[in-house]
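**Q** Provided below: model_12.csv, containing CSV, C-alpha atoms.
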```csv
chain,number,residue,atom,x,y,z
A,1,MET,CA,4.5,208.4,251.8
A,2,ALA,CA,6.2,211.3,250.0
A,3,ILE,CA,6.8,210.6,246.3
A,4,GLU,CA,10.4,211.3,245.4
A,5,HIS,CA,11.2,214.3,243.1
A,6,PRO,CA,12.9,213.6,239.8
A,7,ALA,CA,16.7,214.3,239.8
A,8,SER,CA,16.8,217.2,237.4
A,9,ARG,CA,14.5,219.8,235.8
A,10,PRO,CA,14.3,221.1,232.2
A,11,ALA,CA,16.8,223.9,231.5
A,12,ASN,CA,13.8,225.7,229.9
A,13,PRO,CA,10.4,224.7,231.2
A,14,ARG,CA,8.5,226.7,228.6
A,15,PHE,CA,6.1,224.3,226.8
A,16,SER,CA,3.4,226.9,226.0
A,17,SER,CA,1.5,226.4,222.7
A,18,GLY,CA,1.6,230.1,221.9
A,19,PRO,CA,3.4,232.2,222.2
A,20,CYS,CA,5.9,229.4,222.1
A,21,ALA,CA,9.5,229.1,223.5
A,22,LYS,CA,12.1,231.4,221.9
A,23,PRO,CA,14.8,229.7,219.8
A,24,PRO,CA,17.4,228.2,222.2
A,25,THR,CA,20.1,230.6,221.2
A,26,TRP,CA,17.9,233.7,221.6
A,27,THR,CA,19.0,236.6,223.9
A,28,GLN,CA,17.8,240.2,224.0
A,29,SER,CA,20.8,241.2,222.0
A,30,ALA,CA,19.1,239.6,219.0
A,31,LEU,CA,17.0,242.7,218.8
A,32,SER,CA,19.9,245.2,218.8
A,33,ASP,CA,19.6,245.9,215.1
A,34,ALA,CA,15.8,246.5,215.2
A,35,TRP,CA,14.5,249.4,213.0
A,36,LEU,CA,13.2,251.5,215.9
A,37,GLY,CA,12.2,255.1,216.1
A,38,ARG,CA,12.0,255.3,212.3
A,39,SER,CA,9.2,255.0,209.8
A,40,HIS,CA,8.5,251.5,208.6
A,41,ARG,CA,8.0,253.1,205.2
A,42,ALA,CA,11.5,254.4,205.1
A,43,ALA,CA,14.0,252.5,202.9
A,44,GLY,CA,15.5,250.6,205.9
A,45,GLY,CA,12.2,249.6,207.3
A,46,LYS,CA,10.8,248.4,204.0
A,47,ALA,CA,14.1,246.5,203.5
A,48,LYS,CA,13.6,244.7,206.8
A,49,LEU,CA,10.0,243.7,206.0
A,50,ALA,CA,11.0,242.6,202.5
A,51,GLU,CA,13.8,240.5,204.0
A,52,ALA,CA,11.3,238.8,206.3
A,53,ILE,CA,9.1,237.9,203.4
A,54,GLU,CA,11.9,236.5,201.2
A,55,GLN,CA,13.5,234.6,204.0
A,56,THR,CA,10.1,233.1,204.8
A,57,ARG,CA,9.9,232.0,201.2
A,58,ARG,CA,13.3,230.3,201.4
A,59,VAL,CA,12.8,228.5,204.6
A,60,LEU,CA,9.3,227.3,203.8
A,61,LYS,CA,10.2,226.6,200.1
A,62,ILE,CA,7.2,228.7,198.9
A,63,PRO,CA,7.0,228.9,195.1
A,64,ALA,CA,8.3,232.0,193.5
A,65,ASP,CA,4.9,232.9,191.9
A,66,TYR,CA,3.1,232.8,195.3
A,67,LYS,CA,2.6,236.2,197.1
A,68,ILE,CA,3.6,236.6,200.8
A,69,GLY,CA,2.4,239.4,202.9
A,70,ILE,CA,2.8,240.5,206.5
A,71,VAL,CA,-0.7,241.6,207.8
A,72,PRO,CA,-2.3,242.7,211.1
A,73,ALA,CA,-3.8,240.8,213.9
A,74,SER,CA,-1.9,237.5,214.0
A,75,ASP,CA,-3.1,234.4,212.2
A,76,THR,CA,-6.7,235.4,213.1
A,77,GLY,CA,-6.4,238.6,211.1
A,78,ALA,CA,-4.7,236.8,208.2
A,79,PHE,CA,-7.4,234.1,207.9
A,80,GLU,CA,-10.3,236.6,208.4
A,81,MET,CA,-8.8,238.8,205.7
A,82,ALA,CA,-8.7,235.8,203.4
A,83,MET,CA,-12.3,234.7,204.1
A,84,TRP,CA,-13.8,238.2,203.8
A,85,SER,CA,-11.9,238.9,200.6
A,86,LEU,CA,-12.2,235.6,198.7
A,87,LEU,CA,-15.3,233.7,199.8
A,88,GLY,CA,-18.8,234.1,198.4
A,89,GLU,CA,-18.0,233.5,194.7
A,90,ARG,CA,-19.0,229.9,195.0
A,91,PRO,CA,-20.3,227.7,197.9
A,92,ALA,CA,-17.9,227.0,200.8
A,93,GLN,CA,-17.2,223.9,202.7
A,94,MET,CA,-16.1,224.7,206.3
A,95,VAL,CA,-14.1,221.9,207.9
A,96,ALA,CA,-13.1,221.8,211.6
A,97,TRP,CA,-11.7,219.3,214.1
A,98,GLU,CA,-10.9,221.7,217.0
A,99,SER,CA,-11.9,225.2,218.3
A,100,PHE,CA,-10.1,227.5,215.9
A,101,GLY,CA,-11.5,225.7,212.9
A,102,ALA,CA,-14.9,225.9,214.5
A,103,GLY,CA,-14.4,229.6,214.8
A,104,TRP,CA,-13.9,229.9,211.1
A,105,VAL,CA,-17.1,227.9,210.5
A,106,SER,CA,-19.1,230.2,212.8
A,107,ASP,CA,-17.7,233.4,211.1
A,108,VAL,CA,-18.7,232.2,207.6
A,109,VAL,CA,-22.1,230.9,208.6
A,110,LYS,CA,-23.1,233.6,211.0
A,111,GLN,CA,-21.3,236.7,209.8
A,112,LEU,CA,-20.7,236.3,206.1
A,113,LYS,CA,-23.8,234.2,205.7
A,114,ILE,CA,-22.8,232.7,202.3
A,115,GLU,CA,-23.9,229.3,201.0
A,116,ALA,CA,-21.8,227.0,203.2
A,117,SER,CA,-21.8,223.5,204.5
A,118,GLU,CA,-20.2,222.3,207.8
A,119,HIS,CA,-18.0,219.3,208.1
A,120,ILE,CA,-17.0,218.7,211.8
A,121,ALA,CA,-15.0,216.0,213.5
A,122,PRO,CA,-14.9,215.6,217.3
A,123,TYR,CA,-11.7,216.3,219.3
A,124,GLY,CA,-9.2,213.6,218.7
A,125,GLU,CA,-10.5,212.7,215.2
A,126,ILE,CA,-10.1,214.3,211.8
A,127,PHE,CA,-12.6,214.9,208.9
A,128,ASP,CA,-12.1,212.8,205.7
A,129,MET,CA,-10.8,215.5,203.4
A,130,ALA,CA,-11.2,213.2,200.4
A,131,ALA,CA,-15.0,213.3,200.9
A,132,LEU,CA,-15.2,217.0,200.1
A,133,ASN,CA,-16.3,218.6,196.8
A,134,TYR,CA,-13.3,220.7,195.6
A,135,ASP,CA,-15.4,222.5,193.0
A,136,ASN,CA,-16.4,224.5,196.1
A,137,ASP,CA,-14.0,226.6,198.3
A,138,VAL,CA,-12.7,224.7,201.3
A,139,CYS,CA,-11.6,226.2,204.6
A,140,PHE,CA,-9.6,224.1,207.1
A,141,THR,CA,-6.8,224.1,209.7
A,142,TRP,CA,-3.9,221.9,208.8
A,143,ASN,CA,-2.9,221.3,212.4
A,144,GLY,CA,-5.5,221.5,215.2
A,145,THR,CA,-3.6,223.5,217.8
A,146,THR,CA,-6.2,222.8,220.5
A,147,SER,CA,-6.8,219.1,219.6
A,148,GLY,CA,-3.3,217.9,218.5
A,149,VAL,CA,-4.8,216.4,215.3
A,150,CYS,CA,-2.9,217.2,212.1
A,151,MET,CA,-3.4,216.3,208.5
A,152,PRO,CA,-0.9,213.6,207.5
A,153,ASP,CA,-0.4,215.1,204.0
A,154,GLY,CA,-2.2,216.8,201.2
A,155,SER,CA,-3.0,213.8,199.1
A,156,ALA,CA,-6.8,214.1,199.7
A,157,ILE,CA,-6.9,217.6,198.2
A,158,ALA,CA,-7.9,217.6,194.5
A,159,ALA,CA,-5.2,218.7,192.2
A,160,ASP,CA,-7.7,219.7,189.5
A,161,ARG,CA,-10.0,221.6,191.9
A,162,ALA,CA,-12.1,224.5,190.7
A,163,GLY,CA,-12.5,226.1,194.1
A,164,LEU,CA,-9.9,227.5,196.4
A,165,THR,CA,-8.4,225.9,199.4
A,166,LEU,CA,-7.9,228.2,202.4
A,167,CYS,CA,-5.6,226.7,205.0
A,168,ASP,CA,-4.9,228.0,208.5
A,169,ALA,CA,-1.4,226.6,209.1
A,170,THR,CA,-0.4,228.5,212.1
A,171,SER,CA,0.9,225.6,214.2
A,172,ALA,CA,2.0,223.6,211.1
A,173,ALA,CA,4.2,226.1,209.2
A,174,PHE,CA,7.8,225.4,210.0
A,175,ALA,CA,7.0,222.0,211.4
A,176,VAL,CA,5.6,220.1,208.4
A,177,ASP,CA,6.4,220.1,204.7
A,178,LEU,CA,3.3,221.9,203.4
A,179,PRO,CA,2.2,220.9,199.8
A,180,TRP,CA,2.0,224.4,198.2
A,181,ASP,CA,0.4,223.1,195.0
A,182,LYS,CA,-2.6,222.0,197.1
A,183,LEU,CA,-2.9,225.3,199.0
A,184,ASP,CA,-4.3,228.5,197.5
A,185,VAL,CA,-4.4,230.6,200.7
A,186,THR,CA,-2.2,229.8,203.6
A,187,THR,CA,-1.9,231.8,206.9
A,188,PHE,CA,0.2,231.5,210.0
A,189,SER,CA,1.5,233.6,212.9
A,190,TRP,CA,5.2,233.6,213.8
A,191,GLN,CA,4.6,233.4,217.5
A,192,LYS,CA,3.8,229.8,217.1
A,193,VAL,CA,6.4,227.4,215.7
A,194,LEU,CA,9.3,229.9,215.6
A,195,GLY,CA,8.5,231.6,218.9
A,196,GLY,CA,8.3,235.1,217.6
A,197,GLU,CA,6.6,238.0,219.3
A,198,ALA,CA,2.9,238.2,218.6
A,199,ALA,CA,0.4,240.4,216.8
A,200,HIS,CA,1.4,239.8,213.1
A,201,GLY,CA,0.1,237.4,210.6
A,202,VAL,CA,1.5,236.0,207.4
A,203,LEU,CA,-0.8,235.6,204.3
A,204,ILE,CA,0.4,233.5,201.4
A,205,LEU,CA,-1.6,233.5,198.1
A,206,SER,CA,-1.3,231.2,195.1
A,207,PRO,CA,-1.7,232.6,191.5
A,208,ARG,CA,-5.3,231.1,191.6
A,209,ALA,CA,-6.1,233.1,194.8
A,210,VAL,CA,-4.8,236.3,193.1
A,211,GLU,CA,-6.9,235.6,190.1
A,212,ARG,CA,-10.0,235.3,192.3
A,213,LEU,CA,-9.2,238.6,194.1
A,214,GLU,CA,-8.9,240.4,190.8
A,215,SER,CA,-12.0,238.9,189.2
A,216,TYR,CA,-14.5,238.8,192.1
A,217,THR,CA,-15.8,241.5,194.4
A,218,PRO,CA,-17.6,240.4,197.6
A,219,ALA,CA,-21.1,241.7,198.2
A,220,TRP,CA,-20.3,243.1,201.7
A,221,PRO,CA,-18.4,246.3,202.7
A,222,MET,CA,-14.7,245.6,203.2
A,223,PRO,CA,-12.9,247.2,206.1
A,224,LYS,CA,-9.7,248.9,205.2
A,225,ILE,CA,-7.7,246.5,207.3
A,226,PHE,CA,-8.9,243.6,205.0
A,227,ARG,CA,-8.5,245.2,201.6
A,228,LEU,CA,-6.2,243.4,199.3
A,229,THR,CA,-7.2,245.0,196.0
A,230,LYS,CA,-7.7,248.5,194.6
A,231,GLY,CA,-9.4,249.2,191.4
A,232,GLY,CA,-9.8,245.5,190.8
A,233,LYS,CA,-6.0,244.8,191.0
A,234,LEU,CA,-4.0,243.3,193.8
A,235,ILE,CA,-2.2,245.8,196.0
A,236,GLU,CA,1.3,244.5,195.2
A,237,GLY,CA,2.9,246.7,197.9
A,238,ILE,CA,1.5,244.5,200.7
A,239,PHE,CA,3.6,241.6,199.3
A,240,ARG,CA,6.7,243.7,199.1
A,241,GLY,CA,6.7,244.8,202.8
A,242,GLU,CA,4.4,247.9,202.5
A,243,THR,CA,2.1,246.8,205.3
A,244,ILE,CA,-1.5,247.9,205.6
A,245,ASN,CA,-0.9,249.4,209.0
A,246,THR,CA,2.1,250.1,211.2
A,247,PRO,CA,3.9,246.9,212.2
A,248,SER,CA,6.1,246.4,215.2
A,249,MET,CA,9.6,246.5,213.9
A,250,LEU,CA,10.8,245.0,217.1
A,251,CYS,CA,8.6,241.9,216.3
A,252,VAL,CA,9.9,241.9,212.8
A,253,GLU,CA,13.5,241.9,214.0
A,254,ASP,CA,12.7,239.0,216.4
A,255,TYR,CA,11.2,237.1,213.5
A,256,LEU,CA,14.3,237.7,211.4
A,257,PHE,CA,16.4,236.3,214.2
A,258,ALA,CA,14.2,233.2,214.3
A,259,LEU,CA,14.5,232.7,210.5
A,260,ASP,CA,18.3,233.0,210.7
A,261,TRP,CA,18.3,230.4,213.4
A,262,ALA,CA,16.0,228.1,211.2
A,263,GLU,CA,18.4,228.4,208.3
A,264,SER,CA,21.4,227.6,210.6
A,265,LEU,CA,19.7,224.2,211.2
A,266,GLY,CA,19.4,223.5,207.5
A,267,GLY,CA,16.1,225.2,207.0
A,268,LEU,CA,12.7,223.4,207.0
A,269,ALA,CA,14.2,219.9,207.2
A,270,GLY,CA,16.1,220.8,210.4
A,271,LEU,CA,13.0,222.3,212.0
A,272,ILE,CA,10.9,219.3,211.1
A,273,ALA,CA,13.5,216.9,212.5
A,274,ARG,CA,13.6,218.7,215.9
A,275,ALA,CA,9.8,218.8,216.2
A,276,GLN,CA,9.5,215.1,215.3
A,277,ALA,CA,12.2,214.2,217.9
A,278,ASN,CA,10.3,216.1,220.6
A,279,ALA,CA,6.9,214.6,219.7
A,280,LYS,CA,8.5,211.1,219.6
A,281,ALA,CA,9.8,211.6,223.1
A,282,VAL,CA,6.3,212.3,224.4
A,283,GLY,CA,4.8,209.5,222.3
A,284,ASP,CA,7.3,206.9,223.6
A,285,PHE,CA,6.6,208.0,227.2
A,286,CYS,CA,2.8,207.5,226.7
A,287,ASP,CA,3.3,204.2,224.9
A,288,THR,CA,4.9,202.7,228.0
A,289,ARG,CA,2.3,203.9,230.5
A,290,ASP,CA,-1.3,202.9,230.9
A,291,TRP,CA,-2.5,206.1,232.6
A,292,ILE,CA,-1.9,208.6,229.8
A,293,ASP,CA,-2.4,208.7,226.0
A,294,ASN,CA,-2.5,211.0,223.0
A,295,LEU,CA,-5.8,212.7,222.4
A,296,ALA,CA,-5.5,212.1,218.6
A,297,VAL,CA,-7.0,208.6,218.0
A,298,ASP,CA,-5.1,207.8,214.8
A,299,PRO,CA,-1.3,207.9,215.2
A,300,ALA,CA,-1.0,209.1,211.5
A,301,THR,CA,-2.8,212.3,212.5
A,302,ARG,CA,-0.9,213.2,215.6
A,303,SER,CA,0.6,216.6,215.7
A,304,VAL,CA,4.4,217.1,216.2
A,305,THR,CA,3.8,220.6,217.6
A,306,SER,CA,0.7,220.8,219.8
A,307,VAL,CA,0.8,217.4,221.4
A,308,CYS,CA,-2.5,217.0,223.4
A,309,LEU,CA,-2.7,214.3,226.0
A,310,LYS,CA,-5.5,212.7,228.1
A,311,PHE,CA,-5.4,210.9,231.4
A,312,THR,CA,-6.8,207.4,231.1
A,313,ASP,CA,-6.6,206.1,234.7
A,314,PRO,CA,-10.2,205.0,235.6
A,315,ARG,CA,-9.5,206.0,239.2
A,316,ILE,CA,-9.6,209.7,238.2
A,317,GLN,CA,-13.0,211.0,239.2
A,318,ASP,CA,-12.8,214.6,238.0
A,319,PRO,CA,-10.7,214.6,234.8
A,320,ALA,CA,-10.7,218.4,234.3
A,321,GLY,CA,-9.8,219.1,238.0
A,322,PHE,CA,-7.2,216.4,238.0
A,323,ALA,CA,-5.5,217.8,234.8
A,324,LYS,CA,-5.5,221.4,236.1
A,325,ALA,CA,-4.0,220.2,239.4
A,326,VAL,CA,-1.2,218.3,237.6
A,327,ALA,CA,-0.4,221.4,235.5
A,328,LYS,CA,-0.4,223.5,238.6
A,329,ARG,CA,2.1,221.2,240.4
A,330,LEU,CA,4.4,221.2,237.4
A,331,GLU,CA,4.3,225.0,237.2
A,332,ALA,CA,5.0,225.3,240.9
A,333,GLU,CA,8.0,223.1,240.6
A,334,GLY,CA,9.3,225.0,237.5
A,335,ALA,CA,9.2,221.8,235.5
A,336,ALA,CA,6.6,222.7,232.9
A,337,LEU,CA,4.8,226.0,232.3
A,338,ASP,CA,1.5,226.6,230.5
A,339,ILE,CA,0.7,223.0,229.6
A,340,GLY,CA,-3.0,222.9,230.5
A,341,ALA,CA,-5.4,221.9,227.8
A,342,TYR,CA,-7.1,224.7,225.8
A,343,ARG,CA,-10.3,225.9,227.5
A,344,ASP,CA,-12.6,224.4,224.9
A,345,ALA,CA,-10.8,221.1,224.5
A,346,PRO,CA,-11.3,217.9,226.5
A,347,ALA,CA,-9.6,217.7,229.9
A,348,GLY,CA,-5.9,217.0,229.7
A,349,LEU,CA,-2.6,218.5,228.9
A,350,ARG,CA,-1.0,220.2,225.9
A,351,ILE,CA,2.7,220.0,225.5
A,352,TRP,CA,4.3,222.2,222.8
A,353,CYS,CA,7.0,220.2,220.9
A,354,GLY,CA,7.9,222.6,218.1
A,355,ALA,CA,11.4,223.1,216.9
A,356,THR,CA,12.3,225.8,219.4
A,357,VAL,CA,12.0,223.3,222.2
A,358,GLU,CA,15.0,221.2,223.1
A,359,THR,CA,14.5,217.4,223.2
A,360,ALA,CA,16.6,217.3,226.3
A,361,ASP,CA,14.1,219.5,228.0
A,362,VAL,CA,11.2,217.3,226.9
A,363,LEU,CA,13.0,214.3,228.3
A,364,ALA,CA,13.7,216.1,231.6
A,365,MET,CA,10.1,217.2,231.9
A,366,LEU,CA,8.4,213.8,231.4
A,367,PRO,CA,9.5,212.3,234.8
A,368,TRP,CA,8.1,215.3,236.4
A,369,LEU,CA,4.8,214.7,234.6
A,370,GLU,CA,4.7,211.2,236.1
A,371,TRP,CA,5.6,212.6,239.5
A,372,ALA,CA,2.8,215.1,239.4
A,373,TYR,CA,0.3,212.5,238.3
A,374,ARG,CA,1.3,210.2,241.1
A,375,CYS,CA,1.2,213.0,243.7
A,376,GLU,CA,-2.3,214.1,242.5
A,377,LEU,CA,-3.6,210.6,242.4
A,378,ASP,CA,-2.3,210.0,246.0
A,379,ALA,CA,-4.0,213.2,247.1
A,380,GLU,CA,-7.5,212.2,245.8
```
Turn this file's structure into structure tokens for me.
**A**
Amino acid sequence: MAIEHPASRPANPRFSSGPCAKPPTWTQSALSDAWLGRSHRAAGGKAKLAEAIEQTRRVLKIPADYKIGIVPASDTGAFEMAMWSLLGERPAQMVAWESFGAGWVSDVVKQLKIEASEHIAPYGEIFDMAALNYDNDVCFTWNGTTSGVCMPDGSAIAADRAGLTLCDATSAAFAVDLPWDKLDVTTFSWQKVLGGEAAHGVLILSPRAVERLESYTPAWPMPKIFRLTKGGKLIEGIFRGETINTPSMLCVEDYLFALDWAESLGGLAGLIARAQANAKAVGDFCDTRDWIDNLAVDPATRSVTSVCLKFTDPRIQDPAGFAKAVAKRLEAEGAALDIGAYRDAPAGLRIWCGATVETADVLAMLPWLEWAYRCELDAE
């Protein structure tokens, strides 16, 4: 018997976890004032970059004495730059509960080869941050984009730490209220929560991180693209919009639009409220069904952006194949795009619920998810 299609589809079926959906008011005309065909080092170009930095500070409520720079190669470039520039002065504790965090562990242990310990939690769980020694440097992701497991807050991070905390916050920035006093280095990429165009990273340094940069020189050669100091002093221009290499001013304009949109919602509080509403819609759906659940074991650690789900129906014989088939059905129907689990993650789905997604679209998508599940189960 044919299973009846839901009555309506999402107006925007884009639930990709990166690049994420554009802000709902976005049109191509948002880019009409982009600084194109001109040098990014001219006054107008530098003004655009400086505006992006200061608007980031306002929306994220970053302290005035923290440095913010726009750097190459997305969040990956920003976090690699931080590790290569800052680590090695003291032992490092590398913490991971998903694939990107595991990548930072591998880079430090296998590439930098400094004294480091590994602290790994399986997918769906989180490492106990209170168990770490904060006299060492600590590297971690705030929100596991590929596991949907997120730190509930920063209370476990020592306030009187001697080491630095290096936080990859790429799917948490603009979706949670980050405790800046607990974070010495923070990185993100704006194609995540704000739906900007890719290839640029943001690097945020506390005064303690700047002090480390100016007092410690790593033992390894430093590629130009990673250099944050010159003659033992911070290159201040990087944090005024004088980028290390040539940025895409089209991407910068796109980011500025997203920041304006964020401020129109009331800033960070408005963004957080939208993400929480979206994640709650998915959570409520799962709570009333016995065949699907959140991958994150502890509700307190469930992400409000990269919501990862697992099928729990014991009749499913091939979880990976089943999940891929469900995602394929949803894409074919135009009901949900790009929601398959990350390639290294357990079999399941990953639904982006960040602020640029409309809750009405989440609610319209969920009946289609049930339809696809029942169709695929019937086909087995």
**Q** Would you list the contacts of Ala199 in chain A as a PDB file with C-alpha atoms, in the coordinates of the input, taking every protein, DNA or RNA residue within 10 Å and counting all atoms listed in the file, but skipping same-chain residues closer than 3 positions in sequence?
**A**
```
ATOM      1  CA  VAL A  71      -0.700 241.600 207.800  1.00  0.00           C
ATOM      2  CA  PRO A  72      -2.300 242.700 211.100  1.00  0.00           C
ATOM      3  CA  ALA A  73      -3.800 240.800 213.900  1.00  0.00           C
ATOM      4  CA  SER A  74      -1.900 237.500 214.000  1.00  0.00           C
ATOM      5  CA  ASP A  75      -3.100 234.400 212.200  1.00  0.00           C
ATOM      6  CA  THR A  76      -6.700 235.400 213.100  1.00  0.00           C
ATOM      7  CA  GLY A  77      -6.400 238.600 211.100  1.00  0.00           C
ATOM      8  CA  SER A 189       1.500 233.600 212.900  1.00  0.00           C
ATOM      9  CA  TRP A 190       5.200 233.600 213.800  1.00  0.00           C
ATOM     10  CA  GLN A 191       4.600 233.400 217.500  1.00  0.00           C
ATOM     11  CA  GLY A 196       8.300 235.100 217.600  1.00  0.00           C
ATOM     12  CA  PRO A 247       3.900 246.900 212.200  1.00  0.00           C
ATOM     13  CA  SER A 248       6.100 246.400 215.200  1.00  0.00           C
ATOM     14  CA  CYS A 251       8.600 241.900 216.300  1.00  0.00           C
TER      15      CYS A 251
END
```
**Q** Determine the nearest neighbour of Ser206 in chain A from the options A:Gly154, A:Gly270, A:Gly69, A:Gly103, counting all atoms listed in the file.
**A**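 Going through A:Gly154, A:Gly270, A:Gly69, A:Gly103 one by one, the smallest distance to Ser206 in chain A is for A:Gly69.
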**Q** If you measure from CA of Ser16 in chain A to CA of Ile225 in chain A, what distance in Å do you get, rounded to one decimal?
**A** 29.3 Å
**Q** Applying 8 Å and all atoms listed in the file, which residues near range 346-359 of chain A remain after dropping the ones on its own chain fewer than 2 positions away? List them as a VMD selection string.
**A** chain A and resid 15 to 17 20 to 24 123 146 175 193 to 195 271 to 279 281 304 to 311 319 to 320 323 to 324 327 339 to 342 344 361 to 363
**Q** Mind running range 256-316 of chain A against range 44-54 of chain A at 10 Å and telling me each contacting residue's nearest atom pair with the distance in Å (one decimal), counting only C-alpha atoms, chain and number ascending, as CSV?
**A**
```
residue,atom,partner,partner_atom,distance
A:Leu256,CA,A:Ala52,CA,6.0
A:Phe257,CA,A:Ala52,CA,9.7
A:Leu259,CA,A:Ala52,CA,8.1
```
**Q** State, in Å with one decimal place, the distance from CA of Tyr134 in chain A to CA of Thr229 in chain A.
**A**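 Distance between the two atoms: 25.1 Å.
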**Q** Skipping near chain neighbours, those fewer than 4 positions away, what residues fall within 8 Å of Ile68 in chain A using all atoms listed in the file, listed as a list in words?
**A** Ile53, Arg57, Val202, Leu203, Ile204, Leu205, Phe239 and Arg240 of chain A
**Q** CA of Lys113 in chain A to CA of Glu80 in chain A: how many Å, to one decimal?
**A** 14.0 Å
**Q** Report as a PyMOL selection string all protein, DNA and RNA residues lying within 8 Å of Ile238 in chain A, evaluated on all atoms listed in the file, omitting residues in the same chain fewer than 4 positions from it.
**A** chain A and resi 69-71+228+242-244
**Q** Find the residues near Leu60 in chain A: any atom within 7 Å, counting all atoms listed in the file, skip ones fewer than 2 places away on the same chain, and give them as a ChimeraX atom specification.
**A** /A:56-58,62,174,268
**Q** Considering only C-alpha atoms, state which residue in the set A:Val297, A:Leu213, A:Ala92, A:Ala372 is at the smallest distance from Phe226 in chain A.
**A** A:Leu213
**Q** Between A:Glu263, A:Glu333, A:Glu125, A:Asp338, which residue has the minimum interatomic distance to Trp371 in chain A, considering only C-alpha atoms?
**A** A:Glu333
**Q** Here's a test: counting all atoms listed in the file, identify every protein, DNA and RNA residue with an atom at most 6 Å from (-3.3, 218.8, 199.9) in the file's coordinate frame, and state them as a ChimeraX atom specification.
**A** /A:154-157,179,182
**Q** Go through A:Pro218, A:Pro91, A:Pro152, A:Gly232 and flag the residue nearest Ile114 in chain A, using all atoms listed in the file for the distances.
**A** A:Pro91
**Q** May I have the protein, DNA and RNA residues with an atom at most 9 Å from (2.9, 213.4, 244.4), counting all atoms listed in the file in the file's coordinates, returned as a VMD selection string?
**A** chain A and resid 2 to 5 329 370 to 379
